[in-house]
Amino acid sequence: MIGHTVFALDGAAVRFARVQALHPTTLSIGAGERVALIGANGSGKSTLLRVLHGLVPVASGQVQSMVPRRAQAMLFQRPHLLRASVRHNVALALWLHGARWRGAQQVACDALDRVGLSALAERNARTLSGGQQQRLALARAWALQPDVLFLDEPTASLDPTAKREVEALLGQMAQGRTMVFASHNLGQVKRLASRVIYLEQGRVLADRSVHDFFHGPLPEEARLFVKGET
């Protein structure tokens with residue numbers, strides 16, 4: 001069930017030098033929505049994701065966030081991990097959010113158990129495989145208990161087994177949360193999203209429920225993209 005509005009864009013636009021990365025965009029996202037951003041490389045997915053999370057300022061228009069930044073978490077395609085143990089990577093994130101160190105250690109252990117990394121808790125995080133690193137990033141996000149989860153192509157560089165594992169964890173984490181994610185994997189979009197936003201050259205060309213996007217009429221550009229990706 002969709003709740004109150006948590007993000008609202010009103011004519012928000014982003015420009016990088018001479019490139020218009022995001023044309024004036026107006027949309028809102030409600031609490032509990034699972035929104036997939038799709039489109040070709042360079043379509044504006046990552047830019048829109050970062051605008052919503054407050055990482056990229058807009059050149060014009062307005063962005064309203066009703067969720068404080070400390071209640072948001074973002075996972076990137078290649079997560080940044082500290083040169084420390086798996087457990088400390090999670091515990092340090094909690095400590096930076098104000099948790100006591102001893103309590104942070106216990107929550108970190110619980111989070112690692114949730115993603116199946118307990119046995120690797122003392123390993124250097126940078127020695128993990130790609131799938132394990134993404135699971136660690138998810139554990140770090142889960143430990144913070146965010147209200148909103150942003151993800152930028154979270155399974156793009158993973159092998160099929162790791163993709164399934166990470167996607168299953170994402171499905172669990174999305175319960176009771178707002179989730180906005182960029183993805184090229186339309187099967188994943190169908191499984192995880194409740195709403196689909198299609199972008200092309202920095203413009204939103206379609207914004208539909210996941211059912212209507214895949215079973216209803218679409219703008220020609222979006223139809224051709226779906227046809228080419230399936």
# chains A, B, ... in the order shown; residues from 1 in each chain; ligands from 1
>>> residues_around(residues="His211 in chain A", least_positions_apart="6", cutoff="9 Å", atoms="only C-alpha atoms", output="ChimeraX atom specification")
/A:190,194-195
>>> write_last_selection(atoms="C-alpha atoms", output="PDB file, in the first residue's frame")
ATOM      1  CA  LYS A 190       9.215  -7.310 -12.977  1.00  0.00           C
ATOM      2  CA  SER A 194       5.758  -1.816  -8.309  1.00  0.00           C
ATOM      3  CA  ARG A 195       6.350   1.133 -10.668  1.00  0.00           C
TER       4      ARG A 195
END
>>> select_by_dssp(residues="chain A", states="alpha helix (DSSP H)", output="MDAnalysis selection string")
chainID A and resid 45:53 86:96 101:114 130:144 160:173 186:192 210:215 220:229
>>> closest_residue(among="A:Val115, A:Val14, A:Ala121, A:Ala137", to="Ala84 in chain A", atoms="only C-alpha atoms")
A:Ala121
>>> residues_around(residues="Asn124 in chain A", least_positions_apart="6", cutoff="10 Å", atoms="only C-alpha atoms", output="PyMOL selection string")
chain A and resi 81-89
>>> residues_around(residues="range 73-79 of chain A", least_positions_apart="5", cutoff="12 Å", atoms="only C-alpha atoms", output="JSON, numbers by chain")
{"A": [46, 49, 50, 52, 53, 54, 55, 67, 68, 89, 93, 97, 125, 126, 128, 129, 130, 131, 132, 133, 134, 135, 136, 137, 138, 139, 140, 141, 142, 143, 144, 145, 146, 147, 148, 149, 150, 151, 152, 153, 154, 155, 156, 157, 158, 163, 166, 170, 173, 177, 178, 179, 180, 181, 182, 183]}
>>> atom_distance(atom1="CA of Ser28 in chain A", atom2="CA of Leu192 in chain A")
19.0 Å
>>> atom_distance(atom1="CA of Leu218 in chain A", atom2="CA of Val204 in chain A")
12.3 Å
>>> select_by_dssp(residues="range 34-126 of chain A", states="strand (DSSP E)", output="list in words")
Arg34, Val35, Ala36, Leu37, Ile38, Ser60, Gly61, Gln62, Val63, Gln64, Ser65, Gln72, Ala73, Met74 and Leu75 of chain A
>>> residues_around(residues="Gly228 in chain A", least_positions_apart="2", cutoff="12 Å", atoms="only C-alpha atoms", output="PDB file with N, CA and C atoms, in the first residue's frame")
ATOM      1  N   GLY A  39      16.285   2.367 -18.805  1.00  0.00           N
ATOM      2  CA  GLY A  39      16.657   3.118 -19.992  1.00  0.00           C
ATOM      3  C   GLY A  39      18.070   2.750 -20.381  1.00  0.00           C
ATOM      4  N   ALA A  40      18.477   3.172 -21.557  1.00  0.00           N
ATOM      5  CA  ALA A  40      19.825   2.857 -22.044  1.00  0.00           C
ATOM      6  C   ALA A  40      20.878   3.602 -21.234  1.00  0.00           C
ATOM      7  N   HIS A 184      19.084  -2.613 -15.712  1.00  0.00           N
ATOM      8  CA  HIS A 184      18.912  -3.001 -17.106  1.00  0.00           C
ATOM      9  C   HIS A 184      18.182  -4.339 -17.206  1.00  0.00           C
ATOM     10  N   ASN A 185      18.037  -5.016 -16.102  1.00  0.00           N
ATOM     11  CA  ASN A 185      17.477  -6.363 -16.073  1.00  0.00           C
ATOM     12  C   ASN A 185      15.953  -6.279 -15.934  1.00  0.00           C
ATOM     13  N   LEU A 186      15.241  -6.450 -17.048  1.00  0.00           N
ATOM     14  CA  LEU A 186      13.788  -6.293 -17.014  1.00  0.00           C
ATOM     15  C   LEU A 186      13.106  -7.403 -16.222  1.00  0.00           C
ATOM     16  N   GLU A 221       9.502   4.859 -28.122  1.00  0.00           N
ATOM     17  CA  GLU A 221      10.873   4.685 -27.648  1.00  0.00           C
ATOM     18  C   GLU A 221      10.942   3.627 -26.547  1.00  0.00           C
ATOM     19  N   ALA A 222      10.003   3.680 -25.617  1.00  0.00           N
ATOM     20  CA  ALA A 222       9.985   2.711 -24.516  1.00  0.00           C
ATOM     21  C   ALA A 222       9.649   1.317 -25.039  1.00  0.00           C
ATOM     22  N   ARG A 223       8.732   1.244 -25.995  1.00  0.00           N
ATOM     23  CA  ARG A 223       8.356  -0.055 -26.556  1.00  0.00           C
ATOM     24  C   ARG A 223       9.550  -0.720 -27.238  1.00  0.00           C
ATOM     25  N   LEU A 224      10.311   0.070 -27.986  1.00  0.00           N
ATOM     26  CA  LEU A 224      11.480  -0.475 -28.677  1.00  0.00           C
ATOM     27  C   LEU A 224      12.573  -0.901 -27.689  1.00  0.00           C
ATOM     28  N   PHE A 225      12.713  -0.143 -26.621  1.00  0.00           N
ATOM     29  CA  PHE A 225      13.709  -0.515 -25.598  1.00  0.00           C
ATOM     30  C   PHE A 225      13.340  -1.847 -24.959  1.00  0.00           C
ATOM     31  N   VAL A 226      12.078  -1.995 -24.583  1.00  0.00           N
ATOM     32  CA  VAL A 226      11.634  -3.251 -23.952  1.00  0.00           C
ATOM     33  C   VAL A 226      11.814  -4.414 -24.929  1.00  0.00           C
ATOM     34  N   THR A 230      14.387  -7.716 -24.130  1.00  0.00           N
ATOM     35  CA  THR A 230      13.796  -8.990 -23.736  1.00  0.00           C
ATOM     36  C   THR A 230      14.200 -10.085 -24.700  1.00  0.00           C
TER      37      THR A 230
END
